[in-house]
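query_17.txt, holding compact mmCIF, C-alpha atoms (C1' of nucleotides):
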# COMPACT_ATOMS: atom_id res chain seq x y z
CA MET J 1 67.38 122.32 -14.19
CA THR J 2 65.56 124.84 -12.05
CA GLU J 3 67.58 128.04 -12.01
CA LYS J 4 71.10 127.99 -13.36
CA ARG J 5 73.08 124.89 -12.79
CA GLN J 6 76.78 124.25 -12.72
CA LEU J 7 77.76 122.37 -15.85
CA THR J 8 80.99 120.50 -16.36
CA PRO J 9 82.50 120.45 -19.87
CA ARG J 10 80.92 117.06 -20.38
CA GLY J 11 77.57 118.49 -19.34
CA LYS J 12 77.84 121.39 -21.74
CA GLU J 13 78.47 119.02 -24.56
CA ARG J 14 75.42 116.95 -23.70
CA ARG J 15 73.42 120.14 -23.72
CA HIS J 16 74.63 121.07 -27.16
CA GLN J 17 74.00 117.56 -28.36
CA LEU J 18 70.42 117.70 -27.12
CA MET J 19 69.77 121.09 -28.65
CA ALA J 20 71.22 120.15 -32.01
CA TYR J 21 69.43 116.84 -32.23
CA ALA J 22 66.14 118.29 -31.03
CA ALA J 23 66.39 121.12 -33.56
CA ALA J 24 66.89 118.61 -36.34
CA ARG J 25 63.92 116.55 -35.24
CA PHE J 26 61.69 119.57 -34.78
CA ALA J 27 62.62 120.79 -38.23
CA GLU J 28 61.90 117.43 -39.78
CA GLY J 29 58.76 116.40 -37.97
CA GLY J 30 57.43 119.57 -36.40
CA PHE J 31 57.60 120.68 -32.80
CA HIS J 32 54.43 119.09 -31.45
CA PRO J 33 54.63 115.73 -33.19
CA THR J 34 58.19 115.26 -31.94
CA SER J 35 57.97 113.96 -28.39
CA VAL J 36 60.59 114.24 -25.70
CA ALA J 37 60.66 110.45 -25.57
CA GLU J 38 61.56 110.41 -29.26
CA ILE J 39 64.41 112.85 -28.76
CA VAL J 40 66.04 111.01 -25.88
CA SER J 41 65.59 107.57 -27.38
CA GLY J 42 67.12 108.82 -30.64
CA LEU J 43 70.13 109.84 -28.61
CA GLY J 44 70.09 106.58 -26.67
CA VAL J 45 69.69 108.19 -23.27
CA GLY J 46 67.06 108.15 -20.55
CA LYS J 47 64.38 110.75 -20.26
CA GLY J 48 65.88 112.13 -17.09
CA VAL J 49 68.80 113.47 -19.08
CA PHE J 50 66.49 115.80 -20.92
CA TYR J 51 65.01 117.23 -17.75
CA TRP J 52 68.40 117.52 -16.16
CA TYR J 53 69.42 120.06 -18.80
CA PHE J 54 66.09 121.73 -19.56
CA ASP J 55 63.05 122.72 -17.56
CA SER J 56 60.61 121.81 -20.27
CA LYS J 57 60.20 121.08 -23.92
CA ASP J 58 59.10 124.68 -24.46
CA GLN J 59 62.18 126.07 -22.79
CA LEU J 60 64.41 123.95 -24.98
CA PHE J 61 62.70 125.31 -28.06
CA LEU J 62 63.05 128.88 -26.88
CA GLU J 63 66.71 128.32 -26.19
CA ILE J 64 67.31 126.89 -29.64
CA LEU J 65 65.57 129.90 -31.10
CA LYS J 66 67.50 132.39 -29.05
CA ASP J 67 70.86 130.86 -29.88
CA ALA J 68 69.99 130.83 -33.55
CA GLN J 69 68.96 134.47 -33.58
CA GLN J 70 72.13 135.53 -31.81
CA ASP J 71 74.29 133.53 -34.16
CA LEU J 72 72.60 134.93 -37.24
CA ARG J 73 72.93 138.49 -36.03
CA ARG J 74 76.57 137.93 -35.20
CA ALA J 75 77.18 136.65 -38.73
CA GLN J 76 75.48 139.71 -40.20
CA GLN J 77 77.25 142.22 -38.01
CA HIS J 78 80.61 140.61 -38.50
CA VAL J 79 80.40 141.13 -42.24
CA ILE J 80 79.18 144.70 -42.42
CA ILE J 81 81.11 146.22 -39.58
CA ASP J 82 83.84 147.73 -41.73
CA GLU J 83 81.68 148.87 -44.61
CA PRO J 84 80.87 152.59 -44.67
CA ASP J 85 78.55 152.65 -47.69
CA PRO J 86 74.95 151.96 -46.59
CA VAL J 87 73.91 150.30 -49.83
CA ARG J 88 76.88 148.00 -49.69
CA ARG J 89 76.02 147.19 -46.09
CA ILE J 90 72.59 146.08 -47.19
CA GLU J 91 74.12 143.96 -49.89
CA LEU J 92 76.58 142.35 -47.52
CA GLY J 93 73.82 141.74 -45.00
CA ILE J 94 71.74 139.95 -47.61
CA ARG J 95 74.65 137.77 -48.64
CA ALA J 96 75.61 136.93 -45.07
CA SER J 97 72.03 135.96 -44.23
CA MET J 98 71.78 133.67 -47.21
CA THR J 99 74.99 131.82 -46.49
CA TRP J 100 74.09 131.53 -42.82
CA PHE J 101 70.72 129.97 -43.57
CA ALA J 102 72.33 127.68 -46.10
CA GLU J 103 74.50 126.38 -43.28
CA HIS J 104 71.61 126.13 -40.83
CA ARG J 105 68.75 124.86 -42.91
CA ASP J 106 67.00 123.26 -39.96
CA LEU J 107 66.37 126.64 -38.46
CA VAL J 108 64.32 127.87 -41.37
CA ASN J 109 61.43 125.64 -40.37
CA LEU J 110 61.83 126.45 -36.70
CA PHE J 111 61.63 130.18 -37.29
CA GLN J 112 58.58 129.64 -39.42
CA PHE J 113 56.85 127.51 -36.83
CA ALA J 114 57.74 129.81 -33.97
CA ALA J 115 55.76 132.59 -35.58
CA THR J 116 52.56 130.54 -35.43
CA GLU J 117 52.31 130.00 -31.68
CA GLU J 118 51.80 132.76 -29.21
CA ARG J 119 54.25 131.53 -26.61
CA PHE J 120 57.12 131.49 -29.11
CA ALA J 121 56.20 134.44 -31.28
CA PRO J 122 57.32 137.20 -28.87
CA LEU J 123 60.91 135.97 -28.79
CA LEU J 124 60.96 135.59 -32.54
CA ARG J 125 59.50 139.05 -33.01
CA ARG J 126 62.12 140.58 -30.77
CA GLY J 127 64.84 139.17 -32.99
CA GLN J 128 63.12 140.29 -36.12
CA GLU J 129 62.75 143.78 -34.77
CA VAL J 130 66.47 143.95 -34.24
CA ALA J 131 67.08 142.85 -37.80
CA LEU J 132 64.52 145.34 -39.00
CA ALA J 133 66.08 148.17 -37.04
CA ASP J 134 69.45 147.37 -38.59
CA ALA J 135 68.01 147.41 -42.06
CA VAL J 136 66.04 150.59 -41.43
CA LYS J 137 69.18 152.36 -40.34
CA HIS J 138 70.99 151.49 -43.54
CA VAL J 139 68.02 152.45 -45.66
CA LYS J 140 67.80 155.83 -43.96
CA ASP J 141 71.50 156.38 -44.47
CA GLY J 142 71.07 155.45 -48.09
CA ILE J 143 68.26 157.95 -48.51
CA VAL J 144 70.35 160.68 -46.95
CA ALA J 145 73.24 159.79 -49.24
CA GLY J 146 70.87 159.96 -52.18
CA ASP J 147 71.47 156.36 -53.21
CA ILE J 148 67.98 155.22 -52.26
CA ARG J 149 64.76 156.82 -53.38
CA ASP J 150 62.64 158.51 -50.80
CA GLY J 151 60.02 156.31 -49.17
CA GLU J 152 59.06 154.84 -45.85
CA PRO J 153 62.27 153.22 -44.63
CA GLU J 154 60.41 150.67 -42.52
CA VAL J 155 58.40 149.35 -45.40
CA LEU J 156 61.43 149.18 -47.64
CA ALA J 157 63.34 147.33 -44.96
CA HIS J 158 60.46 144.89 -44.54
CA ALA J 159 60.42 144.30 -48.25
CA ILE J 160 64.10 143.38 -48.16
CA LEU J 161 63.60 140.98 -45.29
CA GLY J 162 60.69 139.47 -47.20
CA VAL J 163 62.81 138.81 -50.25
CA ILE J 164 65.52 137.24 -48.12
CA SER J 165 63.28 134.96 -46.09
CA HIS J 166 61.23 133.81 -49.04
CA LEU J 167 64.20 133.07 -51.28
CA VAL J 168 65.92 131.31 -48.41
CA ARG J 169 62.92 129.09 -47.83
CA GLU J 170 62.03 128.32 -51.40
CA LEU J 171 65.37 128.20 -53.15
CA ILE J 172 67.96 127.42 -50.51
CA HIS J 173 66.03 125.38 -47.99
CA ASP J 174 63.66 123.53 -50.31
CA ARG J 175 65.65 123.32 -53.50
CA GLY J 176 69.18 123.49 -52.20
CA GLU J 177 70.38 126.11 -54.66
CA SER J 178 73.68 127.80 -53.99
CA PRO J 179 73.42 130.74 -51.61
CA GLU J 180 75.78 132.82 -53.74
CA GLU J 181 73.63 132.67 -56.84
CA VAL J 182 70.44 133.29 -54.93
CA ALA J 183 72.07 136.17 -53.14
CA ASP J 184 73.12 137.71 -56.45
CA ALA J 185 69.53 137.72 -57.62
CA ALA J 186 68.23 138.98 -54.28
CA VAL J 187 70.72 141.83 -54.22
CA ALA J 188 69.88 142.85 -57.77
CA PHE J 189 66.18 142.80 -57.03
CA CYS J 190 66.41 144.67 -53.76
CA LEU J 191 68.80 147.35 -54.92
CA GLY J 192 66.57 147.91 -57.94
CA GLY J 193 63.57 148.17 -55.65
CA LEU J 194 65.30 150.72 -53.49
CA ARG J 195 66.45 152.95 -56.33
CA MET H 1 32.06 111.17 -42.97
CA THR H 2 33.74 108.30 -44.75
CA GLU H 3 33.58 108.91 -48.49
CA LYS H 4 31.36 111.67 -49.74
CA ARG H 5 28.14 112.19 -47.91
CA GLN H 6 24.88 113.71 -49.00
CA LEU H 7 24.53 117.06 -47.28
CA THR H 8 21.34 119.04 -46.93
CA PRO H 9 21.57 122.85 -47.04
CA ARG H 10 21.49 122.86 -43.28
CA GLY H 11 24.35 120.39 -43.24
CA LYS H 12 26.43 122.47 -45.61
CA GLU H 13 26.03 125.44 -43.33
CA ARG H 14 27.18 123.48 -40.30
CA ARG H 15 30.21 122.44 -42.29
CA HIS H 16 31.07 126.00 -43.15
CA GLN H 17 30.49 127.03 -39.58
CA LEU H 18 32.90 124.39 -38.34
CA MET H 19 35.55 125.28 -40.88
CA ALA H 20 35.34 128.99 -40.19
CA TYR H 21 35.41 128.63 -36.43
CA ALA H 22 38.19 126.06 -36.49
CA ALA H 23 40.26 128.26 -38.78
CA ALA H 24 39.89 131.14 -36.35
CA ARG H 25 40.90 129.00 -33.40
CA PHE H 26 43.84 127.44 -35.23
CA ALA H 27 45.03 130.89 -36.22
CA GLU H 28 44.77 132.16 -32.69
CA GLY H 29 46.10 129.25 -30.70
CA GLY H 30 47.91 127.07 -33.19
CA PHE H 31 46.80 123.83 -34.78
CA HIS H 32 48.06 121.36 -32.20
CA PRO H 33 47.12 123.23 -29.04
CA THR H 34 43.57 123.66 -30.31
CA SER H 35 41.73 120.44 -29.54
CA VAL H 36 38.67 119.11 -31.27
CA ALA H 37 36.87 119.27 -27.93
CA GLU H 38 37.64 122.97 -27.77
CA ILE H 39 36.25 123.59 -31.23
CA VAL H 40 32.95 121.80 -30.69
CA SER H 41 32.40 123.19 -27.22
CA GLY H 42 33.06 126.70 -28.52
CA LEU H 43 30.28 126.10 -30.99
CA GLY H 44 28.07 124.56 -28.33
CA VAL H 45 27.71 121.21 -30.07
CA GLY H 46 28.70 117.64 -29.30
CA LYS H 47 31.88 116.08 -30.54
CA GLY H 48 29.99 113.74 -32.82
CA VAL H 49 29.06 116.71 -35.00
CA PHE H 50 32.69 117.24 -35.86
CA TYR H 51 33.19 113.66 -36.92
CA TRP H 52 29.95 113.63 -38.85
CA TYR H 53 31.34 116.30 -41.18
CA PHE H 54 35.05 115.47 -41.16
CA ASP H 55 37.09 112.29 -41.03
CA SER H 56 39.76 113.76 -38.82
CA LYS H 57 41.26 116.93 -37.49
CA ASP H 58 43.94 116.72 -40.18
CA GLN H 59 41.40 116.45 -42.96
CA LEU H 60 39.59 119.51 -41.69
CA PHE H 61 42.81 121.48 -41.75
CA LEU H 62 43.61 120.36 -45.27
CA GLU H 63 40.15 121.34 -46.41
CA ILE H 64 40.45 124.80 -44.87
CA LEU H 65 43.78 125.20 -46.62
CA LYS H 66 42.47 124.03 -49.97
CA ASP H 67 39.46 126.31 -49.88
CA ALA H 68 41.62 129.26 -48.96
CA GLN H 69 44.06 128.65 -51.79
CA GLN H 70 41.26 128.37 -54.31
CA ASP H 71 39.63 131.52 -53.07
CA LEU H 72 42.84 133.51 -53.18
CA ARG H 73 43.62 132.37 -56.69
CA ARG H 74 40.11 133.21 -57.81
CA ALA H 75 40.50 136.72 -56.41
CA GLN H 76 43.80 137.17 -58.24
CA GLN H 77 42.58 135.82 -61.55
CA HIS H 78 39.38 137.80 -61.42
CA VAL H 79 41.30 141.04 -61.26
CA ILE H 80 43.92 140.50 -63.93
CA ILE H 81 41.87 138.68 -66.52
CA ASP H 82 41.22 141.73 -68.69
CA GLU H 83 44.63 143.33 -68.40
CA PRO H 84 46.92 142.83 -71.38
CA ASP H 85 50.05 144.54 -70.04
CA PRO H 86 52.18 142.03 -68.09
CA VAL H 87 53.62 144.58 -65.70
CA ARG H 88 50.17 145.88 -64.87
CA ARG H 89 49.03 142.29 -64.33
CA ILE H 90 51.76 141.86 -61.75
CA GLU H 91 50.72 145.08 -60.07
CA LEU H 92 47.07 144.10 -59.99
CA GLY H 93 47.98 140.66 -58.67
CA ILE H 94 49.94 142.21 -55.82
CA ARG H 95 47.07 144.52 -54.93
CA ALA H 96 44.48 141.76 -55.08
CA SER H 97 46.58 139.51 -52.85
CA MET H 98 47.02 142.22 -50.25
CA THR H 99 43.32 143.04 -50.02
CA TRP H 100 42.42 139.35 -49.94
CA PHE H 101 44.76 138.68 -47.03
CA ALA H 102 43.49 141.77 -45.28
CA GLU H 103 40.03 140.23 -45.41
CA HIS H 104 41.25 136.80 -44.35
CA ARG H 105 43.82 137.51 -41.71
CA ASP H 106 43.32 134.18 -39.99
CA LEU H 107 44.68 132.38 -42.97
CA VAL H 108 48.07 134.04 -42.79
CA ASN H 109 49.00 132.02 -39.75
CA LEU H 110 47.52 128.84 -41.17
CA PHE H 111 49.56 129.07 -44.33
CA GLN H 112 52.63 129.70 -42.26
CA PHE H 113 52.03 126.74 -40.01
CA ALA H 114 51.14 124.43 -42.86
CA ALA H 115 54.61 124.85 -44.28
CA THR H 116 56.21 123.44 -41.14
CA GLU H 117 54.63 119.98 -41.07
CA GLU H 118 55.23 117.39 -43.70
CA ARG H 119 51.68 116.19 -43.96
CA PHE H 120 50.39 119.68 -44.81
CA ALA H 121 53.31 121.07 -46.75
CA PRO H 122 52.63 119.23 -50.04
CA LEU H 123 49.19 120.77 -50.44
CA LEU H 124 50.52 124.19 -49.59
CA ARG H 125 53.38 123.77 -52.01
CA ARG H 126 51.03 122.83 -54.81
CA GLY H 127 49.13 126.06 -54.37
CA GLN H 128 52.29 128.11 -54.20
CA GLU H 129 53.55 126.53 -57.38
CA VAL H 130 50.41 127.64 -59.15
CA ALA H 131 50.90 131.19 -57.90
CA LEU H 132 54.53 131.03 -58.90
CA ALA H 133 53.69 129.78 -62.37
CA ASP H 134 51.27 132.67 -62.82
CA ALA H 135 53.88 135.18 -61.75
CA VAL H 136 56.58 133.60 -63.89
CA LYS H 137 54.37 133.87 -66.93
CA HIS H 138 53.87 137.59 -66.44
CA VAL H 139 57.55 138.16 -65.78
CA LYS H 140 58.48 136.35 -68.98
CA ASP H 141 55.97 138.37 -70.92
CA GLY H 142 57.41 141.50 -69.39
CA ILE H 143 60.92 140.54 -70.41
CA VAL H 144 59.79 139.89 -73.97
CA ALA H 145 58.04 143.26 -74.02
CA GLY H 146 61.22 144.86 -72.78
CA ASP H 147 59.60 146.24 -69.63
CA ILE H 148 61.51 143.93 -67.30
CA ARG H 149 65.22 143.46 -67.24
CA ASP H 150 66.62 140.10 -68.27
CA GLY H 151 67.07 137.62 -65.44
CA GLU H 152 65.84 134.29 -64.20
CA PRO H 153 62.06 134.69 -64.23
CA GLU H 154 61.56 132.12 -61.49
CA VAL H 155 63.78 133.91 -59.05
CA LEU H 156 62.22 137.26 -59.82
CA ALA H 157 58.77 135.78 -59.33
CA HIS H 158 59.84 134.28 -56.01
CA ALA H 159 61.14 137.64 -54.92
CA ILE H 160 57.76 139.21 -55.64
CA LEU H 161 55.94 136.52 -53.67
CA GLY H 162 58.39 137.06 -50.85
CA VAL H 163 57.67 140.75 -50.69
CA ILE H 164 53.94 140.11 -50.72
CA SER H 165 53.90 137.44 -48.05
CA HIS H 166 56.25 139.27 -45.72
CA LEU H 167 54.49 142.61 -45.97
CA VAL H 168 51.16 140.87 -45.51
CA ARG H 169 52.34 139.17 -42.36
CA GLU H 170 54.20 142.04 -40.78
CA LEU H 171 52.21 145.07 -41.81
CA ILE H 172 48.69 143.86 -42.57
CA HIS H 173 48.33 140.87 -40.29
CA ASP H 174 50.35 142.04 -37.31
CA ARG H 175 50.00 145.78 -37.50
CA GLY H 176 46.70 146.12 -39.29
CA GLU H 177 47.89 148.70 -41.79
CA SER H 178 45.71 149.46 -44.77
CA PRO H 179 46.24 147.04 -47.66
CA GLU H 180 46.12 149.86 -50.20
CA GLU H 181 49.05 151.73 -48.72
CA VAL H 182 51.09 148.61 -48.21
CA ALA H 183 50.29 147.54 -51.75
CA ASP H 184 51.49 150.89 -53.08
CA ALA H 185 54.85 150.40 -51.43
CA ALA H 186 55.07 146.75 -52.50
CA VAL H 187 54.30 147.62 -56.10
CA ALA H 188 56.88 150.39 -56.16
CA PHE H 189 59.52 148.11 -54.68
CA CYS H 190 58.79 145.17 -56.93
CA LEU H 191 58.52 147.11 -60.17
CA GLY H 192 61.78 148.83 -59.30
CA GLY H 193 63.35 145.44 -58.63
CA LEU H 194 62.19 144.12 -61.95
CA ARG H 195 63.42 147.03 -63.99
C1' DC S 1 1.26 109.10 -38.86
C1' DC S 2 5.28 106.31 -40.53
C1' DG S 3 9.51 104.94 -42.01
C1' DA S 4 13.91 106.53 -43.71
C1' DT S 5 17.54 109.50 -43.55
C1' DT S 6 20.10 113.24 -41.71
C1' DC S 7 21.96 115.01 -37.89
C1' DT S 8 23.26 115.32 -32.74
C1' DT S 9 24.69 113.85 -28.20
C1' DG S 10 28.29 112.93 -24.75
C1' DA S 11 30.16 109.08 -22.17
C1' DC S 12 33.79 106.36 -23.22
C1' DC S 13 38.37 104.31 -24.98
C1' DG S 14 43.15 103.34 -25.86
C1' DA S 15 47.20 105.79 -26.79
C1' DC S 16 50.44 108.89 -25.83
C1' DC S 17 52.46 112.95 -23.85
C1' DG S 18 55.16 116.01 -20.75
C1' DG S 19 57.08 115.72 -16.59
C1' DT S 20 58.67 113.39 -11.82
C1' DC S 21 61.53 110.87 -8.89
C1' DA S 22 63.80 107.31 -6.07
C1' DA S 23 67.58 104.95 -7.08
C1' DG S 24 72.00 104.27 -8.87
C1' DT S 25 76.57 105.35 -11.53
C1' DC S 26 80.56 108.01 -12.52
C1' DA S 27 84.26 111.39 -12.00
C1' DT S 28 86.92 114.06 -8.96
C1' DC S 29 89.21 115.83 -5.05
C1' DC S 30 90.94 115.26 -0.34
C1' DG Z 1 88.92 104.89 -0.18
C1' DG Z 2 85.30 107.63 1.13
C1' DA Z 3 82.63 111.63 0.39
C1' DT Z 4 80.58 114.95 -2.66
C1' DG Z 5 78.14 116.48 -6.39
C1' DA Z 6 77.43 115.86 -11.40
C1' DC Z 7 74.98 113.01 -14.21
C1' DT Z 8 71.84 108.97 -15.76
C1' DT Z 9 68.17 105.64 -15.61
C1' DG Z 10 63.40 104.24 -16.76
C1' DA Z 11 59.17 102.97 -14.43
C1' DC Z 12 55.59 105.66 -13.32
C1' DC Z 13 51.78 109.34 -13.05
C1' DG Z 14 48.02 112.49 -14.04
C1' DG Z 15 46.04 114.41 -17.73
C1' DT Z 16 44.71 115.21 -22.38
C1' DC Z 17 43.96 114.02 -26.97
C1' DG Z 18 41.83 112.23 -31.31
C1' DG Z 19 38.44 109.34 -32.35
C1' DT Z 20 34.20 105.84 -31.56
C1' DC Z 21 29.59 104.58 -30.93
C1' DA Z 22 25.01 103.33 -29.22
C1' DA Z 23 21.27 105.89 -28.57
C1' DG Z 24 18.14 109.45 -29.59
C1' DA Z 25 16.14 113.98 -31.93
C1' DA Z 26 14.86 116.46 -35.99
C1' DT Z 27 13.35 116.65 -40.67
C1' DC Z 28 10.79 115.23 -44.54
C1' DG Z 29 8.62 112.63 -48.46
C1' DG Z 30 4.71 109.76 -48.94
Could you render the structure from this file as structure tokens?
Amino acid sequence: MTEKRQLTPRGKERRHQLMAYAAARFAEGGFHPTSVAEIVSGLGVGKGVFYWYFDSKDQLFLEILKDAQQDLRRAQQHVIIDEPDPVRRIELGIRASMTWFAEHRDLVNLFQFAATEERFAPLLRRGQEVALADAVKHVKDGIVAGDIRDGEPEVLAHAILGVISHLVRELIHDRGESPEEVADAAVAFCLGGLR
Amino acid sequence: MTEKRQLTPRGKERRHQLMAYAAARFAEGGFHPTSVAEIVSGLGVGKGVFYWYFDSKDQLFLEILKDAQQDLRRAQQHVIIDEPDPVRRIELGIRASMTWFAEHRDLVNLFQFAATEERFAPLLRRGQEVALADAVKHVKDGIVAGDIRDGEPEVLAHAILGVISHLVRELIHDRGESPEEVADAAVAFCLGGLR
DNA sequence: CCGATTCTTGACCGACCGGTCAAGTCATCC
DNA sequence: GGATGACTTGACCGGTCGGTCAAGAATCGG
């Protein structure tokens, strides 16, 4: 899998299969304790299959991470694109994030782990900075509109992301509560904190 | 180091030295990539020293985690013990947590990693449940006193912990901002969110 | 000075891990 | 049906890891 490689439809599916299964195993057992041998044998294929589609175990992980970040951002953007009111945009963003994580619970652990190792952290940080920039923009708009109290927009945006990620991990990921209810509480808390 | 072992003062110091140095290395390079050989050679001692004081690498990690949790809780309790007003207790707890993490930056990463592996997560969770229970108590008191709006106390408490942990990681750990300023913003956000 | 106990050393071990590769299979197109 | 390139196999390799242990050094009460 050095450089790009031409993939037939069948090949693309194998790739997806590997990424999905590996993500699940990483989430369950951790990245390091889950060996490549374990992944391929769980899928009933030889080890060569893995290295046909990926350069290394690290690269696979990075690719999983990247896909996840893109997908999450797409879900957020899709929902707020038509909303002019900045406060409502924040609310919709919170709700979209919660439902997305509820549908991709495996990725909660992966994001968390990625932050703890230097070779994965930069990619993760890049994604978080994008999310932060989005939030900051809406907060600034809200301040201008007078709907949000004056304050450092970056810190406020971080606080919102903190509420989201923590509630996702504790209530949705660990306890399986409904994303709608959790989102209601998160929105109420955050909008109160902004006003 | 099977069972307890009688430790002389010199021995206790070695133990602390090992725990502190290992924690720093784990925080910097991650738990798995940091080998026992690396730890002992960084300290200039033989590998037998490690296994004289600890049963295993895992046990060392658990002990670091346990000590850290106890120390953090002690710092929180110490500060709020004389404060009767529940809302002020929450504020003081937030401030104490921020300054504690500012003084123990290494442990931010360790807590984060611990949540991603099943063998460490239970211990971490136990500590977080204690912190949550503390917060829930204050929130309930605040609701009774009429200073906090009605709502599920558990969710509100989680939201507070989320703000703390995220701001600690992003602003104090990563960017090295002053814990006092960050705490000011966190307090303002959280108290707004509760009211 | 002696024996007992605490502490230290570092060569060594079996297990496992990520990654390679020569060989072979399968699908497809001419 | 043969040739081409996509895919698959699994034995194998070098290296590292957590952990062991026989041997010795340091400390200390008596």
### 10 Å contact set for Val108 of chain H, only C-alpha atoms (C1' of nucleotides), chain neighbours under 3 positions out, as a PyMOL selection string
(chain J and resi 116) or (chain H and resi 27+101-102+104-105+111-113+165+168-169+172-174)
Keeping only C-alpha atoms, take the residues you just selected and write them out as a PDB file, keeping the file's coordinate frame.
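And here is the file that came out, again.pdb:
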ATOM      1  CA  THR J 116      52.560 130.540 -35.430  1.00  0.00           C
TER       2      THR J 116
ATOM      3  CA  ALA H  27      45.030 130.890 -36.220  1.00  0.00           C
ATOM      4  CA  PHE H 101      44.760 138.680 -47.030  1.00  0.00           C
ATOM      5  CA  ALA H 102      43.490 141.770 -45.280  1.00  0.00           C
ATOM      6  CA  HIS H 104      41.250 136.800 -44.350  1.00  0.00           C
ATOM      7  CA  ARG H 105      43.820 137.510 -41.710  1.00  0.00           C
ATOM      8  CA  PHE H 111      49.560 129.070 -44.330  1.00  0.00           C
ATOM      9  CA  GLN H 112      52.630 129.700 -42.260  1.00  0.00           C
ATOM     10  CA  PHE H 113      52.030 126.740 -40.010  1.00  0.00           C
ATOM     11  CA  SER H 165      53.900 137.440 -48.050  1.00  0.00           C
ATOM     12  CA  VAL H 168      51.160 140.870 -45.510  1.00  0.00           C
ATOM     13  CA  ARG H 169      52.340 139.170 -42.360  1.00  0.00           C
ATOM     14  CA  ILE H 172      48.690 143.860 -42.570  1.00  0.00           C
ATOM     15  CA  HIS H 173      48.330 140.870 -40.290  1.00  0.00           C
ATOM     16  CA  ASP H 174      50.350 142.040 -37.310  1.00  0.00           C
TER      17      ASP H 174
END
Find the residues around DG10 of chain Z up to 9 Å (only C-alpha atoms (C1' of nucleotides) counted), leave out those fewer than 3 positions away in its own chain, and share them as an mmCIF file with C-alpha atoms, keeping the file's coordinate frame.
data_model
loop_
_atom_site.group_PDB
_atom_site.id
_atom_site.type_symbol
_atom_site.label_atom_id
_atom_site.label_comp_id
_atom_site.auth_asym_id
_atom_site.auth_seq_id
_atom_site.Cartn_x
_atom_site.Cartn_y
_atom_site.Cartn_z
ATOM 1 C CA GLY J 46 67.060 108.150 -20.550
ATOM 2 C CA LYS J 47 64.380 110.750 -20.260
ATOM 3 C CA GLY J 48 65.880 112.130 -17.090
#
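Comparing the minimum interatomic distances between chain S and each of J:Glu28, J:Ala37, J:Asp150, J:Glu13, counting only C-alpha atoms (C1' of nucleotides), we find that J:Ala37 sits nearest.
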### Task
Select residues of chain H: the criterion is any atom within 9 Å of an atom of chain J, counting all atoms listed in the file; output as an MDAnalysis selection string.
chainID H and resid 27:33 109:110 112:118 151:152 155:156 158:167 170:171 182 185:186 188:195
For chain J versus chain Z, which residues have an atom no more than 9 Å away, and what is each residue's nearest atom pair and distance in Å rounded to one decimal, using all atoms listed in the file, chain-then-number order, as a Markdown table?
| residue | atom | partner | partner_atom | distance |
| --- | --- | --- | --- | --- |
| J:Gln6 | CA | Z:DA6 | C1' | 8.5 |
| J:Leu7 | CA | Z:DA6 | C1' | 7.9 |
| J:Thr8 | CA | Z:DA6 | C1' | 7.7 |
| J:Gly11 | CA | Z:DC7 | C1' | 7.9 |
| J:Val45 | CA | Z:DT8 | C1' | 7.9 |
| J:Gly46 | CA | Z:DT9 | C1' | 5.7 |
| J:Lys47 | CA | Z:DG10 | C1' | 7.5 |
| J:Gly48 | CA | Z:DT8 | C1' | 6.9 |
| J:Val49 | CA | Z:DT8 | C1' | 6.4 |
| J:Trp52 | CA | Z:DC7 | C1' | 8.2 |
### Message
Based on all atoms listed in the file, which of the residues in chain S come within 8 Å of chain J? I want them as a PyMOL selection string.
### Response
chain S and resi 17-19
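You will find atom CA of Met19 of chain J at 16.5 Å from atom CA of Leu72 of chain J.
Interatomic distance, atom CA of Glu63 of chain H against atom CA of Ile80 of chain H: 26.2 Å.
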#### Entry: Between atom CA of Lys66 of chain J and atom CA of Glu83 of chain J - distance in Å to one decimal
26.7 Å
Will you model N, CA and C atoms for segment 132-139 of chain H and pass it back as a PDB file, in the coordinates of the input?
ATOM      1  N   LEU H 132      53.227 130.758 -58.310  1.00  0.00           N
ATOM      2  CA  LEU H 132      54.530 131.030 -58.900  1.00  0.00           C
ATOM      3  C   LEU H 132      54.460 130.972 -60.426  1.00  0.00           C
ATOM      4  N   ALA H 133      53.799 129.943 -60.925  1.00  0.00           N
ATOM      5  CA  ALA H 133      53.690 129.780 -62.370  1.00  0.00           C
ATOM      6  C   ALA H 133      53.001 130.991 -62.992  1.00  0.00           C
ATOM      7  N   ASP H 134      51.951 131.459 -62.342  1.00  0.00           N
ATOM      8  CA  ASP H 134      51.270 132.670 -62.820  1.00  0.00           C
ATOM      9  C   ASP H 134      52.251 133.826 -62.900  1.00  0.00           C
ATOM     10  N   ALA H 135      52.956 134.053 -61.812  1.00  0.00           N
ATOM     11  CA  ALA H 135      53.880 135.180 -61.750  1.00  0.00           C
ATOM     12  C   ALA H 135      54.984 135.038 -62.797  1.00  0.00           C
ATOM     13  N   VAL H 136      55.504 133.820 -62.923  1.00  0.00           N
ATOM     14  CA  VAL H 136      56.580 133.600 -63.890  1.00  0.00           C
ATOM     15  C   VAL H 136      56.123 133.956 -65.307  1.00  0.00           C
ATOM     16  N   LYS H 137      54.892 133.576 -65.603  1.00  0.00           N
ATOM     17  CA  LYS H 137      54.370 133.870 -66.930  1.00  0.00           C
ATOM     18  C   LYS H 137      54.387 135.380 -67.206  1.00  0.00           C
ATOM     19  N   HIS H 138      53.917 136.132 -66.241  1.00  0.00           N
ATOM     20  CA  HIS H 138      53.870 137.590 -66.440  1.00  0.00           C
ATOM     21  C   HIS H 138      55.266 138.188 -66.536  1.00  0.00           C
ATOM     22  N   VAL H 139      56.168 137.655 -65.719  1.00  0.00           N
ATOM     23  CA  VAL H 139      57.550 138.160 -65.780  1.00  0.00           C
ATOM     24  C   VAL H 139      58.151 137.883 -67.145  1.00  0.00           C
TER      25      VAL H 139
END
